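Peer 1: Here's a structure for you.
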Protein chains: 4
Amino acid sequence: MKALIYGGAGKRTLEDKPKPGIKDPTDALVRILKTTICGTDLHIIKGDLPSVMPGRILGHEGVGVVEQVGAAVSRFRSGDRVLISCVSACGRCDSCRKAMYSHCEYGGWILGNTIDGTQAEYVRIPWADTSLYHIPKRADEEAIVMLSDILPTGYECGVLSGTIKPGDLVAIVGAGPIGLAALLTAQFYAPAEVIMVDVDANRLEVARQFGATQSVDSSSGTAVEAVMQLTANKGVDVAIEAVGIPATFDICQGIVAAGGSIANVGVHGKSVELHMEKLWDRNIRLTTRLVDTVSTPLLLKTVMSGRLQPKRLITHRFRLDEIMQAYDIFGSAAKERALKVIINND
Amino acid sequence: MKALIYGGAGKRTLEDKPKPGIKDPTDALVRILKTTICGTDLHIIKGDLPSVMPGRILGHEGVGVVEQVGAAVSRFRSGDRVLISCVSACGRCDSCRKAMYSHCEYGGWILGNTIDGTQAEYVRIPWADTSLYHIPKRADEEAIVMLSDILPTGYECGVLSGTIKPGDLVAIVGAGPIGLAALLTAQFYAPAEVIMVDVDANRLEVARQFGATQSVDSSSGTAVEAVMQLTANKGVDVAIEAVGIPATFDICQGIVAAGGSIANVGVHGKSVELHMEKLWDRNIRLTTRLVDTVSTPLLLKTVMSGRLQPKRLITHRFRLDEIMQAYDIFGSAAKERALKVIINND
Amino acid sequence: MKALIYGGAGKRTLEDKPKPGIKDPTDALVRILKTTICGTDLHIIKGDLPSVMPGRILGHEGVGVVEQVGAAVSRFRSGDRVLISCVSACGRCDSCRKAMYSHCEYGGWILGNTIDGTQAEYVRIPWADTSLYHIPKRADEEAIVMLSDILPTGYECGVLSGTIKPGDLVAIVGAGPIGLAALLTAQFYAPAEVIMVDVDANRLEVARQFGATQSVDSSSGTAVEAVMQLTANKGVDVAIEAVGIPATFDICQGIVAAGGSIANVGVHGKSVELHMEKLWDRNIRLTTRLVDTVSTPLLLKTVMSGRLQPKRLITHRFRLDEIMQAYDIFGSAAKERALKVIINND
Amino acid sequence: MKALIYGGAGKRTLEDKPKPGIKDPTDALVRILKTTICGTDLHIIKGDLPSVMPGRILGHEGVGVVEQVGAAVSRFRSGDRVLISCVSACGRCDSCRKAMYSHCEYGGWILGNTIDGTQAEYVRIPWADTSLYHIPKRADEEAIVMLSDILPTGYECGVLSGTIKPGDLVAIVGAGPIGLAALLTAQFYAPAEVIMVDVDANRLEVARQFGATQSVDSSSGTAVEAVMQLTANKGVDVAIEAVGIPATFDICQGIVAAGGSIANVGVHGKSVELHMEKLWDRNIRLTTRLVDTVSTPLLLKTVMSGRLQPKRLITHRFRLDEIMQAYDIFGSAAKERALKVIINND
């Protein structure tokens, strides 16, 4: 079968690989219909993630059709249309029993990382019963593939951890796909304002279309002042960090109101300076989180009811045999005005 | 000044009464701009509430302008435009310190009950600092008067106590003003479905316009079956009781899903039969609540941001000197297709 | 092997039955070391539970040693010492994913109910990975067997659902084993008072020894008055119903303070009269719950740290071949001053 | 009257000052019975707090007797025995209405800071109704004075913000009075282990007597390793920072388990390095808080019920005219083995 292979730092190829099979009784074999590329995949290809070995099939997002299941799989059968979660959860370890699937003792984020992933014609999904979700009949598969990773990440790590309430002032720092996913799901809670902060004018414009009530261009380095002005100098109830660098983290600690929350979503490569000399008496809450995908059933319901329209994040579409080009486009996202790209295999 | 007076069971008159003044240092005197009539006022006039004595000026809702404040009032001054809460909160007793203003040891719901109310040209508001709210500059006064009672009641007793979450199945039993207020504020949380149940086809039609996704006519006595069918026989996550009689309470206990909530908003005059033989193992939660009006600041923000449009509840408008006629109309609400009526004094 | 068999209403026998084996890849076969008898077992023998068919081996509590596991069991192996949960949880259905194992679509309380139970030499445990718990090395098996059902029931349905806080006034109505389990675990939260209500003077005396700060003999029918007097007429913050009849439910609704909780633990056979005409404006919360056993890991930790001493509930000990006599004693619990009886098979 | 006066950096004197009087209708004048010295007072005298001007009477803790009240005070009258909260709360601003009294727009921590404090014979307390608490009849005044600041600080900022649950592994870094207050109140929630970390062997010994289950001497710089070893390399569920320097903050971020909390209590004078490159995917929660004293009623109940014994924190007693010596002792706390000192004026 065709698959996108990581070949060591800087290398990716579309290759022919053997079709996987069932290894454990809890496995399912899924034929991929649609997959996508995540910002993390770009990091892998740069060589930033030592856990990913050369030869690995990348990809941790996708929808597909179950082709075969192991003897202990009871919730799925051949022919079922499924959403693949980016987190593989054994469902029985202490972390999974606490609904912290991201820290599953056996699984977690392993797809396209320590086991072969979804950017291929077929993928083996371990612990299928607790790592796959049925796709409702009239669902749009393109919308659903956004629920593998990006929507639960924005929602769980940003919106839920930030505890957005009706009437809140919210700022989201970073208007990339994850920040926009936070923006879409923040609106579940009727915030008074969602201020989007980014350096890219196009992404801010998209954010406006997606429901941001204000936008702040942070390229000039005065984002903190701008947000404070927009909030009558009180700051925001919830600041969502959706980039992962010290500069954007700094904006968050500069704009959070007394009693407010900073919800970190971004993947950080280095430490940040936390201004405890200013924050110690401000009654704030800072959270970090790797997506647990516990909200997948909830998100499926909001998509089916029309409250959430994740398809709006899709800007480009490719066939699986064009995936090398899809990576090129997604790798120049700002220039190409790309958000999420769909890779079709159906 | 003109005022609507309760004259004993079955009697109401529009009379001239002396203008009130400041009695305690925590009082404010407010000139009424707009008030409205509550279903509770109709109960009072029927003679159902023994706490209300003949001679009482009715009304516990309104917006106005502060005319004078006592020496200990620090948050308001003459000329301020204010929203009057239906609950007068001393702000210092044990209940108030727990934000349960409805059970304030000194106040609570006393306006138009044990002290003179708002259906008059002027009203004395005790503990003004903790019972009045500033009205933002560009706010529409008609929308704001809905925040005295009906919106916080629907929101706190129905939506908050019911803990509606995104993707939830919700049923609201009773599409009168309170049920519709619950419907409007339920949508803060992106429920998948809000099923409205009532015996009045017109009110169900209004509910549809206000965002209900399904409606069930309960006049035939098969509401439980209808709701179960709409929910694939699972029942609803949250059932809001917004009537206050055994029949509607019964619908709620018949449709609540395992793990769900029944949030009672209705004022009950008699006991109900609770089917503990069916419910004991269903992991349900039943709540009762008298509105605390703790959500007033939040609701003001949602109105100002456009997320909430309470003005949609207003169907009729009168001048204060027409209030007798306004009572006639509101007393025949179903026939007149009346929801909330505005009484103008500006 | 020896096993206690339900033979239809009024009949129980100790019989020889074939030793069970592994049926599904998720099963474990457990050799019972210790089991106990639950009040529910007495109800079954009376014929009150139509789901239990004649021929069924009773018992849903126990500790044992794993003898064999199915191919898909990964958390346990032969020789492991285990606690058997009274709830068998598949771990993958919608209810289990919401940690509401009691409503597992495939399991739930099935042991000694719709499948053979633990009052035998061996028992087959389905979904072993999510229905068994490892017993720490230095743990006392007698203490641990109390964690199969009674402790999580008292804790989850009574204490957690009632949301006891430090300084709270708590009343527990019913000082049987379940009420006492609630009493032991209520003390995790440093309540100011725990008032125990029962008709049995001996049980009230035991409750005092277990940490109740007050006791009320309800045999004279004046329990409500007595509790109100003990609470300066305010009532209790949390009332736990641990009997399951209208009279004890009535006490709970009579003593709950404004803003308080009624947590139902008792198994009810008929409906109750709920005084909504008094409660509608009291801001109360009434909960029902079938134990989910989600707290088992937490309870194991509190036992191991010495914060919880469930062994205090044990009053009698028997060998498995004496189980008929154990039932006699437990069936006359008040007269025999019996709380929990241990059935040894080691 | 006698009063302890801050005279500028490094200077404190016991002087005669005019007795204060009622200024505003919401004031109370309180005759001090007992007060104490806080670590913050030592910082003030060093000159670390620019908000405190020379000439200020220090002290923000105390119990006393109401001598006189303003016209708008309704909850207290002359002769009432009262606990003085370290936070003066107006009770009506937005922050107070959200129970975040620490950020009261008019008050907050002002006593012995921007207005004269409690280390004197008399003190004027603004907003008396929401800043004083009645002392129950049989209460021990020495115990109660610990509730002005130190107990609510340890409880709210450490225990509540850290959300300690039964069975949790907890570490408290810093065994000074605040850390010990956190230790005492942590035990409200039946944690499995409370590991106390400090550089002072005597304080660790005291912590053991106060209920710590483990102690770690951090003077050798290997505290992180020691705590990890005590927790089977998992880390703690809750880490409480009760010192306020980068080194102790570092210990907290080094020992928090995935899914755990860091609750900051310490007053920080400089920024810290937060290792987001390690923490971003660890699902942790970091909180900061200035004590709101919202828990004072709860703490009073736990003291009265005997669940909390704050008197154990008292090591020394002085008369008000010996307060200069009391400062000397408290200023050499480690050497003198001093925790809290009582200053008597009765």
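Following the order of the structure tokens, first chain is A, next is B, and so on, with residues numbered from 1 inside each chain and ligands from 1 in the order they appear.
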Could you pull out the helix (DSSP H, G or I) residues of segment 152-289 of chain D, going by DSSP on the backbone, and write them as a CSV table (one decimal) with C-alpha atoms, in the first residue's frame?
Peer 2:
chain,number,residue,atom,x,y,z
D,152,PRO,CA,-7.4,30.8,55.6
D,153,THR,CA,-4.2,31.5,53.7
D,154,GLY,CA,-2.9,27.9,54.1
D,155,TYR,CA,-6.4,26.5,53.4
D,156,GLU,CA,-7.6,28.7,50.5
D,157,CYS,CA,-4.3,29.2,48.6
D,158,GLY,CA,-2.8,25.8,49.4
D,159,VAL,CA,-5.5,23.2,50.1
D,160,LEU,CA,-8.5,24.5,48.3
D,161,SER,CA,-6.7,25.8,45.2
D,162,GLY,CA,-4.7,22.5,45.1
D,177,PRO,CA,3.6,28.8,60.0
D,178,ILE,CA,1.8,29.0,56.6
D,179,GLY,CA,3.0,25.6,55.5
D,180,LEU,CA,1.9,24.2,58.8
D,181,ALA,CA,-1.5,25.8,58.4
D,182,ALA,CA,-1.7,24.1,55.0
D,183,LEU,CA,-0.7,20.9,56.7
D,184,LEU,CA,-3.4,21.2,59.4
D,185,THR,CA,-6.2,21.9,56.9
D,186,ALA,CA,-4.9,19.4,54.2
D,187,GLN,CA,-6.0,16.8,56.7
D,188,PHE,CA,-9.7,17.8,56.3
D,189,TYR,CA,-9.5,15.7,53.1
D,201,ALA,CA,15.0,19.9,61.1
D,202,ASN,CA,13.0,21.3,64.0
D,203,ARG,CA,10.2,22.5,61.8
D,204,LEU,CA,10.1,19.1,60.1
D,205,GLU,CA,9.8,17.5,63.5
D,206,VAL,CA,6.9,19.8,64.3
D,207,ALA,CA,5.3,18.9,61.0
D,208,ARG,CA,5.5,15.2,61.9
D,209,GLN,CA,3.7,16.0,65.2
D,218,SER,CA,15.8,19.9,51.4
D,219,SER,CA,19.0,21.5,52.7
D,220,SER,CA,21.1,19.1,50.6
D,223,ALA,CA,14.4,17.2,47.6
D,224,VAL,CA,13.0,16.4,44.2
D,225,GLU,CA,14.8,13.0,44.1
D,226,ALA,CA,13.7,12.3,47.7
D,227,VAL,CA,10.0,13.0,47.0
D,228,MET,CA,10.1,11.0,43.7
D,229,GLN,CA,11.5,8.1,45.7
D,230,LEU,CA,8.7,8.3,48.3
D,246,PRO,CA,12.6,30.2,42.9
D,247,ALA,CA,14.3,27.2,44.6
D,248,THR,CA,11.2,26.0,46.3
D,249,PHE,CA,9.0,26.7,43.3
D,250,ASP,CA,11.5,24.5,41.4
D,251,ILE,CA,11.0,21.7,43.8
D,252,CYS,CA,7.2,21.9,43.1
D,253,GLN,CA,7.5,21.7,39.4
D,254,GLY,CA,9.9,18.8,39.8
D,255,ILE,CA,7.6,16.7,41.9
D,276,MET,CA,7.0,24.5,29.9
D,277,GLU,CA,9.1,22.3,27.7
D,278,LYS,CA,8.5,19.5,30.3
D,279,LEU,CA,5.1,20.6,31.6
Peer 1: Within 6 Å of chain D, which residues of chain C are there when counting only C-alpha atoms? Please give them as a ChimeraX atom specification.
Peer 2: /C:167,188-190,192,298,301-302,305
Peer 1: Which value, in Å to one decimal, gives the distance between atom CA of Ile84 of chain D and atom CA of Leu132 of chain D?
Peer 2: 5.0 Å
Peer 1: Near Ala9 of chain A, counting only C-alpha atoms, which residues have an atom at most 9 Å away, once you skip same-chain residues fewer than 2 positions from it, shown as a short mmCIF file (atom, residue, chain, number, x, y, z; two decimals) with all heavy atoms, in the first residue's frame?
Peer 2:
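Everything below was put into part05.cif:
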data_model
loop_
_atom_site.label_atom_id
_atom_site.label_comp_id
_atom_site.auth_asym_id
_atom_site.auth_seq_id
_atom_site.Cartn_x
_atom_site.Cartn_y
_atom_site.Cartn_z
N TYR A 6 8.52 8.73 7.16
CA TYR A 6 9.55 9.62 7.71
C TYR A 6 10.89 8.93 7.50
O TYR A 6 11.07 7.76 7.88
CB TYR A 6 9.29 9.86 9.19
CG TYR A 6 10.44 10.54 9.89
CD1 TYR A 6 10.83 11.83 9.55
CD2 TYR A 6 11.11 9.90 10.94
CE1 TYR A 6 11.88 12.46 10.21
CE2 TYR A 6 12.15 10.52 11.61
CZ TYR A 6 12.54 11.80 11.25
OH TYR A 6 13.57 12.42 11.90
N GLY A 7 11.85 9.68 6.92
CA GLY A 7 13.11 9.05 6.57
C GLY A 7 14.30 9.58 7.35
O GLY A 7 15.44 9.44 6.90
N LYS A 11 13.64 14.36 5.85
CA LYS A 11 13.27 13.45 4.75
C LYS A 11 11.88 12.86 4.91
O LYS A 11 11.53 12.33 5.96
CB LYS A 11 14.27 12.30 4.69
CG LYS A 11 15.67 12.74 4.34
CD LYS A 11 16.61 11.54 4.24
CE LYS A 11 18.06 11.97 4.47
NZ LYS A 11 18.86 10.94 5.12
N ARG A 12 11.12 12.94 3.84
CA ARG A 12 9.84 12.24 3.78
C ARG A 12 9.65 11.70 2.37
O ARG A 12 10.05 12.34 1.40
CB ARG A 12 8.67 13.14 4.17
CG ARG A 12 8.54 14.40 3.34
CD ARG A 12 7.30 15.19 3.68
NE ARG A 12 7.47 16.60 3.37
CZ ARG A 12 7.29 17.18 2.18
NH1 ARG A 12 6.94 16.46 1.12
NH2 ARG A 12 7.46 18.48 2.01
N ILE A 44 8.02 16.58 13.24
CA ILE A 44 8.66 15.26 13.12
C ILE A 44 9.65 15.28 11.96
O ILE A 44 10.79 14.83 12.09
CB ILE A 44 7.59 14.16 12.88
CG1 ILE A 44 6.72 13.99 14.13
CG2 ILE A 44 8.26 12.84 12.50
CD1 ILE A 44 5.52 13.05 13.94
N ILE A 45 9.21 15.80 10.84
CA ILE A 45 10.05 15.77 9.64
C ILE A 45 11.29 16.63 9.82
O ILE A 45 12.36 16.31 9.31
CB ILE A 45 9.23 16.13 8.40
CG1 ILE A 45 8.34 14.92 8.07
CG2 ILE A 45 10.12 16.48 7.20
CD1 ILE A 45 7.25 15.17 7.09
N LYS A 46 11.17 17.70 10.60
CA LYS A 46 12.37 18.49 10.93
C LYS A 46 13.35 17.70 11.80
O LYS A 46 14.50 18.09 11.96
CB LYS A 46 11.96 19.75 11.71
CG LYS A 46 11.46 20.90 10.85
CD LYS A 46 11.42 22.18 11.68
CE LYS A 46 10.41 23.16 11.09
NZ LYS A 46 9.79 24.01 12.11
N GLY A 47 12.86 16.62 12.40
CA GLY A 47 13.73 15.84 13.27
C GLY A 47 13.63 16.23 14.73
O GLY A 47 14.47 15.87 15.55
N ASP A 48 12.56 16.98 15.07
CA ASP A 48 12.43 17.50 16.44
C ASP A 48 11.96 16.45 17.45
O ASP A 48 12.05 16.68 18.66
CB ASP A 48 11.40 18.65 16.46
CG ASP A 48 11.94 19.92 15.81
OD1 ASP A 48 13.13 19.95 15.48
OD2 ASP A 48 11.15 20.87 15.65
N PRO A 54 13.18 6.67 11.87
CA PRO A 54 13.08 6.60 10.42
C PRO A 54 12.36 5.31 9.99
O PRO A 54 12.56 4.26 10.61
CB PRO A 54 14.55 6.60 9.96
CG PRO A 54 15.29 7.28 11.06
CD PRO A 54 14.58 6.88 12.32
#
Peer 1: Compile the contact shell of Thr287 of chain A as a ChimeraX atom specification: residues with an atom at most 9 Å away, counting only C-alpha atoms, same-chain residues fewer than 3 positions apart removed.
Peer 2: /A:157-158,161-162,261-265 /D:280,283-287
Peer 1: Run DSSP on the backbone of this structure and report the residues of segment 156-281 of chain D it assigns to strand (DSSP E or B), as a ChimeraX atom specification.
Peer 2: /D:169-173,193-198,214-217,236-241,256-264,272-274
Peer 1: Just give me the gap between atom CA of Ala99 of chain D and atom CA of Lys98 of chain B in Å, one decimal is fine.
Peer 2: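 Calculated distance between atom CA of Ala99 of chain D and atom CA of Lys98 of chain B is 8.4 Å.
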Peer 1: Grab the atom CA of Gly112 of chain A to atom CA of Ile343 of chain A distance for me, in Å with one decimal place.
Peer 2: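 Value for the atom CA of Gly112 of chain A-atom CA of Ile343 of chain A distance: 15.4 Å.
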Peer 1: Mind checking which residues fall within 8 Å of Cys93 of chain C, counting only C-alpha atoms, ignoring those fewer than 3 positions away in the same chain, and posting them as a VMD selection string?
Peer 2: (chain A and resid 75) or (chain C and resid 90 96 to 97 104 to 106)
